[in-house]
file model-v9.pdb (PDB, C-alpha atoms and all ligand atoms)
ATOM      1  CA  MET A  82      75.042  97.957 130.565
ATOM      2  CA  THR A  83      72.756  97.157 127.680
ATOM      3  CA  GLY A  84      71.149  93.955 128.871
ATOM      4  CA  ASP A  85      70.775  91.143 126.356
ATOM      5  CA  ARG A  86      73.244  91.731 123.556
ATOM      6  CA  ALA A  87      73.487  89.251 120.728
ATOM      7  CA  VAL A  88      77.032  90.304 119.867
ATOM      8  CA  LYS A  89      79.899  89.652 122.247
ATOM      9  CA  PRO A  90      81.908  92.885 122.606
ATOM     10  CA  ALA A  91      85.411  92.813 121.122
ATOM     11  CA  VAL A  92      88.387  94.591 122.698
ATOM     12  CA  LEU A  93      91.318  95.800 120.581
ATOM     13  CA  PRO A  94      94.531  97.147 122.149
ATOM     14  CA  SER A  95      95.980 100.048 120.152
ATOM     15  CA  LEU A  96      99.678  99.533 119.511
ATOM     16  CA  LEU A  97     100.217 103.307 119.470
ATOM     17  CA  ALA A  98     100.262 103.236 123.286
ATOM     18  CA  ALA A  99     102.762 100.362 123.472
ATOM     19  CA  ASP A 100     106.435 100.681 124.435
ATOM     20  CA  GLN A 101     107.848 101.480 120.979
ATOM     21  CA  GLY A 102     111.206  99.992 121.900
ATOM     22  CA  ARG A 103     109.708  96.527 122.464
ATOM     23  CA  LEU A 104     107.025  96.218 119.801
ATOM     24  CA  ALA A 105     107.282  92.448 119.312
ATOM     25  CA  ASP A 106     106.878  91.848 123.080
ATOM     26  CA  GLU A 107     104.038  94.339 123.228
ATOM     27  CA  ILE A 108     102.209  92.580 120.370
ATOM     28  CA  ARG A 109     102.612  89.211 122.158
ATOM     29  CA  ARG A 110     101.401  90.857 125.353
ATOM     30  CA  ALA A 111      98.115  91.786 123.645
ATOM     31  CA  ALA A 112      97.706  88.260 122.252
ATOM     32  CA  ASP A 113      98.461  86.642 125.622
ATOM     33  CA  ALA A 114      96.013  88.989 127.371
ATOM     34  CA  GLY A 115      93.140  87.683 125.230
ATOM     35  CA  ALA A 116      92.738  90.628 122.846
ATOM     36  CA  ASP A 117      90.265  90.015 120.033
ATOM     37  CA  GLU A 118      92.325  91.939 117.453
ATOM     38  CA  LEU A 119      95.332  94.269 117.403
ATOM     39  CA  HIS A 120      94.589  97.866 116.353
ATOM     40  CA  VAL A 121      97.398  99.431 114.301
ATOM     41  CA  ASP A 122      97.244 103.212 113.769
ATOM     42  CA  VAL A 123      98.868 104.389 110.541
ATOM     43  CA  MET A 124      99.467 108.157 110.288
ATOM     44  CA  ASP A 125     101.081 110.194 107.511
ATOM     45  CA  GLY A 126     101.628 113.574 109.205
ATOM     46  CA  VAL A 127      99.243 115.118 106.642
ATOM     47  CA  PHE A 128      95.766 113.732 107.309
ATOM     48  CA  VAL A 129      96.608 113.941 111.021
ATOM     49  CA  PRO A 130      99.396 115.924 112.743
ATOM     50  CA  ASN A 131     101.432 112.882 113.762
ATOM     51  CA  LEU A 132     103.466 110.042 112.241
ATOM     52  CA  SER A 133     103.343 106.400 113.238
ATOM     53  CA  PHE A 134     103.548 102.914 111.751
ATOM     54  CA  GLY A 135     103.964 101.538 108.243
ATOM     55  CA  PRO A 136     103.395  98.092 106.701
ATOM     56  CA  ALA A 137     106.506  96.649 108.409
ATOM     57  CA  VAL A 138     104.750  96.827 111.779
ATOM     58  CA  VAL A 139     101.738  94.947 110.405
ATOM     59  CA  GLU A 140     104.134  92.351 109.035
ATOM     60  CA  LEU A 141     105.809  92.094 112.451
ATOM     61  CA  ALA A 142     102.425  91.545 114.123
ATOM     62  CA  ALA A 143     101.486  88.846 111.606
ATOM     63  CA  ARG A 144     104.783  87.090 112.321
ATOM     64  CA  VAL A 145     104.884  87.253 116.123
ATOM     65  CA  ALA A 146     101.145  86.718 116.772
ATOM     66  CA  PRO A 147      99.650  85.127 113.640
ATOM     67  CA  ASP A 148      96.353  84.275 115.346
ATOM     68  CA  LEU A 149      95.696  87.862 116.448
ATOM     69  CA  PRO A 150      93.877  89.661 113.593
ATOM     70  CA  ARG A 151      95.405  92.970 112.434
ATOM     71  CA  ASN A 152      92.907  95.869 112.433
ATOM     72  CA  VAL A 153      94.651  98.576 110.403
ATOM     73  CA  HIS A 154      93.368 102.142 110.788
ATOM     74  CA  LEU A 155      94.676 104.290 107.915
ATOM     75  CA  MET A 156      94.881 107.985 108.833
ATOM     76  CA  LEU A 157      96.259 108.938 105.434
ATOM     77  CA  ALA A 158      95.377 111.698 103.001
ATOM     78  CA  HIS A 159      95.603 109.146 100.168
ATOM     79  CA  PRO A 160      94.872 105.707 101.650
ATOM     80  CA  ASP A 161      94.094 104.333  98.175
ATOM     81  CA  ARG A 162      97.822 104.449  97.372
ATOM     82  CA  ARG A 163      98.743 102.087 100.238
ATOM     83  CA  LEU A 164      96.050  99.395 100.229
ATOM     84  CA  GLU A 165      98.130  96.764  98.433
ATOM     85  CA  ALA A 166     101.089  97.314 100.774
ATOM     86  CA  PHE A 167      99.010  96.798 103.921
ATOM     87  CA  ALA A 168      97.128  93.823 102.490
ATOM     88  CA  ARG A 169     100.422  92.209 101.504
ATOM     89  CA  ALA A 170     101.812  92.897 104.995
ATOM     90  CA  GLY A 171      99.008  90.835 106.526
ATOM     91  CA  ALA A 172      96.207  93.249 107.426
ATOM     92  CA  THR A 173      92.970  91.450 108.322
ATOM     93  CA  THR A 174      90.818  94.581 108.219
ATOM     94  CA  VAL A 175      91.751  97.845 106.493
ATOM     95  CA  LEU A 176      89.881 100.982 107.534
ATOM     96  CA  VAL A 177      89.782 104.211 105.519
ATOM     97  CA  HIS A 178      88.407 107.591 106.589
ATOM     98  CA  VAL A 179      85.372 108.947 104.753
ATOM     99  CA  GLU A 180      87.096 112.376 104.963
ATOM    100  CA  SER A 181      90.244 111.222 103.136
ATOM    101  CA  SER A 182      91.123 112.548  99.681
ATOM    102  CA  CYS A 183      90.307 109.490  97.657
ATOM    103  CA  PHE A 184      87.443 107.784  95.865
ATOM    104  CA  VAL A 185      86.113 106.076  98.993
ATOM    105  CA  GLU A 186      83.847 103.623  97.183
ATOM    106  CA  GLY A 187      86.736 102.454  95.025
ATOM    107  CA  ALA A 188      89.023 102.078  98.062
ATOM    108  CA  LEU A 189      86.448  99.961  99.933
ATOM    109  CA  ARG A 190      85.883  97.697  96.915
ATOM    110  CA  ARG A 191      89.637  97.341  96.446
ATOM    111  CA  ILE A 192      90.167  96.358 100.117
ATOM    112  CA  ARG A 193      87.678  93.516  99.730
ATOM    113  CA  ALA A 194      89.147  92.502  96.379
ATOM    114  CA  LEU A 195      92.518  92.191  98.138
ATOM    115  CA  GLY A 196      90.955  89.666 100.523
ATOM    116  CA  CYS A 197      90.665  91.948 103.563
ATOM    117  CA  ARG A 198      87.657  93.095 105.556
ATOM    118  CA  ALA A 199      86.769  96.713 104.712
ATOM    119  CA  GLY A 200      86.108  99.365 107.329
ATOM    120  CA  LEU A 201      84.958 102.974 107.090
ATOM    121  CA  VAL A 202      85.976 105.588 109.691
ATOM    122  CA  LEU A 203      84.146 108.761 110.702
ATOM    123  CA  ASN A 204      85.794 111.650 112.529
ATOM    124  CA  PRO A 205      83.954 112.976 115.602
ATOM    125  CA  LEU A 206      82.234 115.873 113.821
ATOM    126  CA  THR A 207      81.357 114.045 110.589
ATOM    127  CA  PRO A 208      77.604 113.414 110.329
ATOM    128  CA  ALA A 209      76.547 109.772 110.532
ATOM    129  CA  ALA A 210      74.763 110.258 107.195
ATOM    130  CA  ALA A 211      78.177 110.403 105.479
ATOM    131  CA  ALA A 212      78.531 106.651 106.071
ATOM    132  CA  LEU A 213      75.146 105.606 104.734
ATOM    133  CA  PRO A 214      75.969 105.308 101.008
ATOM    134  CA  TYR A 215      78.830 102.926 101.844
ATOM    135  CA  LEU A 216      77.025 100.487 104.158
ATOM    136  CA  PRO A 217      76.779  97.677 101.562
ATOM    137  CA  LEU A 218      80.531  97.930 100.954
ATOM    138  CA  VAL A 219      81.788  97.715 104.541
ATOM    139  CA  ASP A 220      82.335  94.991 107.111
ATOM    140  CA  GLU A 221      82.589  97.437 110.006
ATOM    141  CA  ILE A 222      82.313 101.114 110.885
ATOM    142  CA  LEU A 223      84.645 102.991 113.198
ATOM    143  CA  GLN A 224      83.266 106.069 114.905
ATOM    144  CA  MET A 225      86.199 108.132 116.219
ATOM    145  CA  THR A 226      85.519 109.281 119.763
ATOM    146  CA  VAL A 227      88.483 111.703 119.775
ATOM    147  CA  PHE A 228      90.064 113.760 116.995
ATOM    148  CA  PRO A 229      92.520 111.311 115.444
ATOM    149  CA  GLY A 230      96.283 111.714 115.801
ATOM    150  CA  PHE A 231      97.158 111.052 119.414
ATOM    151  CA  GLY A 232      96.431 108.618 122.202
ATOM    152  CA  GLY A 233      95.448 109.613 125.719
ATOM    153  CA  GLN A 234      92.702 112.132 124.859
ATOM    154  CA  PRO A 235      89.330 112.253 126.650
ATOM    155  CA  PHE A 236      86.313 110.471 125.137
ATOM    156  CA  MET A 237      83.952 112.874 123.302
ATOM    157  CA  ARG A 238      80.395 112.198 124.441
ATOM    158  CA  GLU A 239      79.199 114.371 121.533
ATOM    159  CA  THR A 240      79.814 111.324 119.319
ATOM    160  CA  LEU A 241      77.139 109.203 121.043
ATOM    161  CA  PRO A 242      74.276 110.438 118.789
ATOM    162  CA  ASN A 243      76.313 109.316 115.763
ATOM    163  CA  LEU A 244      76.717 105.864 117.288
ATOM    164  CA  ARG A 245      72.980 105.616 117.855
ATOM    165  CA  ALA A 246      72.255 106.745 114.280
ATOM    166  CA  LEU A 247      74.757 104.271 112.809
ATOM    167  CA  ARG A 248      73.382 101.434 114.931
ATOM    168  CA  ALA A 249      69.847 102.262 113.772
ATOM    169  CA  ALA A 250      70.927 102.389 110.118
ATOM    170  CA  ALA A 251      72.911  99.134 110.272
ATOM    171  CA  PRO A 252      71.558  96.921 113.064
ATOM    172  CA  ALA A 253      73.905  93.981 112.394
ATOM    173  CA  LEU A 254      77.136  95.766 111.446
ATOM    174  CA  PRO A 255      80.119  95.728 113.834
ATOM    175  CA  LEU A 256      80.426  99.271 115.180
ATOM    176  CA  MET A 257      83.751 100.266 116.719
ATOM    177  CA  VAL A 258      84.819 103.184 118.916
ATOM    178  CA  ASP A 259      88.384 104.517 119.130
ATOM    179  CA  GLY A 260      89.738 107.165 121.483
ATOM    180  CA  GLY A 261      89.360 107.662 125.213
ATOM    181  CA  VAL A 262      87.850 104.213 125.772
ATOM    182  CA  THR A 263      88.217 103.325 129.464
ATOM    183  CA  ARG A 264      86.250 101.645 132.248
ATOM    184  CA  ALA A 265      84.447 104.987 132.628
ATOM    185  CA  THR A 266      83.336 105.345 128.985
ATOM    186  CA  ALA A 267      82.913 101.809 127.562
ATOM    187  CA  ALA A 268      79.414 101.177 128.925
ATOM    188  CA  GLY A 269      78.035 104.441 127.515
ATOM    189  CA  ALA A 270      79.461 103.646 124.091
ATOM    190  CA  ALA A 271      78.002 100.131 124.256
ATOM    191  CA  ALA A 272      74.594 101.492 125.224
ATOM    192  CA  ALA A 273      74.741 103.714 122.127
ATOM    193  CA  GLY A 274      75.462 100.696 119.918
ATOM    194  CA  ALA A 275      79.220 100.078 119.899
ATOM    195  CA  THR A 276      80.308  96.432 119.731
ATOM    196  CA  LYS A 277      84.087  96.857 119.280
ATOM    197  CA  PHE A 278      86.309  98.855 121.612
ATOM    198  CA  VAL A 279      89.788 100.125 120.734
ATOM    199  CA  ALA A 280      91.824 101.178 123.760
ATOM    200  CA  GLY A 281      95.416 102.372 123.840
ATOM    201  CA  SER A 282      96.439 103.949 127.122
ATOM    202  CA  ALA A 283      93.825 102.081 129.174
ATOM    203  CA  LEU A 284      95.213  98.707 128.059
ATOM    204  CA  TYR A 285      98.942  99.244 127.479
ATOM    205  CA  GLY A 286      99.071 101.388 130.623
ATOM    206  CA  ALA A 287      97.471  98.658 132.744
ATOM    207  CA  ALA A 288      99.628  96.512 135.009
ATOM    208  CA  ASP A 289      97.427  93.514 134.119
ATOM    209  CA  MET A 290      96.201  93.838 130.529
ATOM    210  CA  ALA A 291      94.159  90.617 130.670
ATOM    211  CA  ALA A 292      92.181  91.907 133.661
ATOM    212  CA  GLU A 293      91.623  95.244 131.938
ATOM    213  CA  ILE A 294      90.388  93.567 128.728
ATOM    214  CA  ALA A 295      88.027  91.412 130.772
ATOM    215  CA  ALA A 296      86.759  94.482 132.641
ATOM    216  CA  LEU A 297      86.055  96.407 129.415
ATOM    217  CA  ARG A 298      84.275  93.377 127.907
ATOM    218  CA  GLU A 299      82.136  93.024 131.002
ATOM    219  CA  LEU A 300      81.238  96.727 131.082
ATOM    220  CA  ALA A 301      80.268  96.594 127.411
ATOM    221  CA  SER A 302      78.105  93.457 127.755
TER
HETATM  222  C1  LIG A 401      94.018 108.048 117.713
HETATM  223  C2  LIG A 401      94.091 106.575 117.455
HETATM  224  C3  LIG A 401      93.706 105.695 118.578
HETATM  225  C4  LIG A 401      94.522 105.874 119.842
HETATM  226  C5  LIG A 401      93.620 105.611 121.013
HETATM  227  O1  LIG A 401      94.291 108.705 116.521
HETATM  228  O2  LIG A 401      93.253 106.239 116.360
HETATM  229  O3  LIG A 401      93.710 104.335 118.192
HETATM  230  O4  LIG A 401      95.628 105.024 119.918
HETATM  231  O5  LIG A 401      94.314 105.848 122.194
HETATM  232  P1  LIG A 401      93.588 106.023 123.604
HETATM  233  O6  LIG A 401      92.838 104.754 123.880
HETATM  234  O7  LIG A 401      94.730 106.242 124.534
HETATM  235  O8  LIG A 401      92.671 107.196 123.481
HETATM  236 ZN    ZN A 402      92.907 104.108 115.738
END

call {"tool": "encode", "arguments": {"input": "model-v9.pdb", "output": "structure tokens"}}
result
Amino acid sequence: MTGDRAVKPAVLPSLLAADQGRLADEIRRAADAGADELHVDVMDGVFVPNLSFGPAVVELAARVAPDLPRNVHLMLAHPDRRLEAFARAGATTVLVHVESSCFVEGALRRIRALGCRAGLVLNPLTPAAAALPYLPLVDEILQMTVFPGFGGQPFMRETLPNLRALRAAAPALPLMVDGGVTRATAAGAAAAGATKFVAGSALYGAADMAAEIAALRELAS
């Protein structure tokens, strides 16, 4: 618990943990459960050792739950080559990794020029300082709390100092955590400065997603 927080914590189900045979139902399930946004993990098998969704899934989400914003996390070696496609598909926010092989400043400017919110992502072992030059260009920061690529991994507490440093450097910026977020880890992340909470297995694995979202929001308040 962090006492009086000006910002209401946001909870984002990660579609990676959904039943892949029923994606439309699983997207509606997140909307009906009161999710703030839908987190869509995009992986190219190069930047991370796994493959996942493309723009068609973002388009599906925009069609079946138009009021649920699409938070698109690009785990791509060359995210700059795909920005138009995801913007056109209906992404609300597009997030690129600071470690990706592209001109990060140009990618962030392009995301905003395409009418989307721009987000910057840091891997667990990347120093918080790597984000600082980009702060004026971003609408949110995502601190990975696991190594990206797979759901269901344990939360890395080693990332908490980064959260504190990012919060200190950008007091008003939405700060998101992704990986291993559960009832056991959400409060610690919130105390370190996180305001947005991505959760895959904890939410899609819950019998009652609405209750689980409410519980995470409460723990993070
Ligand atoms: C990992 C992804 C996460 C993942 C989180 O590369 O970025 O969004 O789905 O899953 P959980 O909450 O199960 O750790
Ligand atoms: Zn993610």

call {"tool": "atom_distance", "arguments": {"input": "model-v9.pdb", "atom1": "atom CA of Val129 of chain A", "atom2": "atom CA of Ala273 of chain A"}}
result
26.6 Å

call {"tool": "atom_distance", "arguments": {"input": "model-v9.pdb", "atom1": "atom CA of Gly232 of chain A", "atom2": "atom CA of Gly286 of chain A"}}
result
11.4 Å

call {"tool": "resolve_selection", "arguments": {"input": "model-v9.pdb", "expression": "the PyMOL selection byres (((chain A and resi 191-203) around 7) and not hetatm)", "output": "NGL selection string"}}
result
:A and (164 or 168 or 172-179 or 187-190 or 204-205 or 207 or 219-225)

call {"tool": "residues_near_ligand", "arguments": {"input": "model-v9.pdb", "ligand": "ligand LIG 401 (chain A)", "cutoff": "10 Å", "atoms": "only C-alpha atoms and all ligand atoms", "output": "JSON, numbers by chain"}}
result
{"A": [93, 94, 95, 96, 97, 98, 99, 120, 121, 122, 123, 124, 129, 130, 131, 133, 153, 154, 155, 156, 202, 204, 223, 225, 226, 227, 228, 229, 230, 231, 232, 233, 234, 235, 236, 258, 259, 260, 261, 262, 263, 278, 279, 280, 281, 282, 283, 284, 285, 286]}

call {"tool": "residues_around", "arguments": {"input": "model-v9.pdb", "residues": "segment 208-218 of chain A", "least_positions_apart": "2", "cutoff": "7 Å", "atoms": "only C-alpha atoms", "output": "list in words"}}
result
Glu186, Leu189, Arg190, Leu206, Asn243, Ala246 and Leu247 of chain A

call {"tool": "atom_distance", "arguments": {"input": "model-v9.pdb", "atom1": "atom CA of Phe128 of chain A", "atom2": "atom CA of Thr266 of chain A"}}
result
26.4 Å

call {"tool": "resolve_selection", "arguments": {"input": "model-v9.pdb", "expression": "the PyMOL selection byres (((chain A and resi 116) around 12) and not hetatm)", "output": "PyMOL selection string"}}
result
chain A and resi 90-96+107-115+117-120+146+148-152+277-280+284-285+290-295+297-298

call {"tool": "resolve_selection", "arguments": {"input": "model-v9.pdb", "expression": "the PyMOL selection byres (((chain A and resi 274) around 6) and not hetatm)", "output": "VMD selection string"}}
result
chain A and resid 244 to 245 248 271 to 273 275

call {"tool": "closest_residue", "arguments": {"input": "model-v9.pdb", "among": "A:Leu141, A:Met257, A:Leu241, A:Cys183", "to": "ligand ZN 402 (chain A)", "atoms": "all atoms listed in the file"}}
result
A:Met257
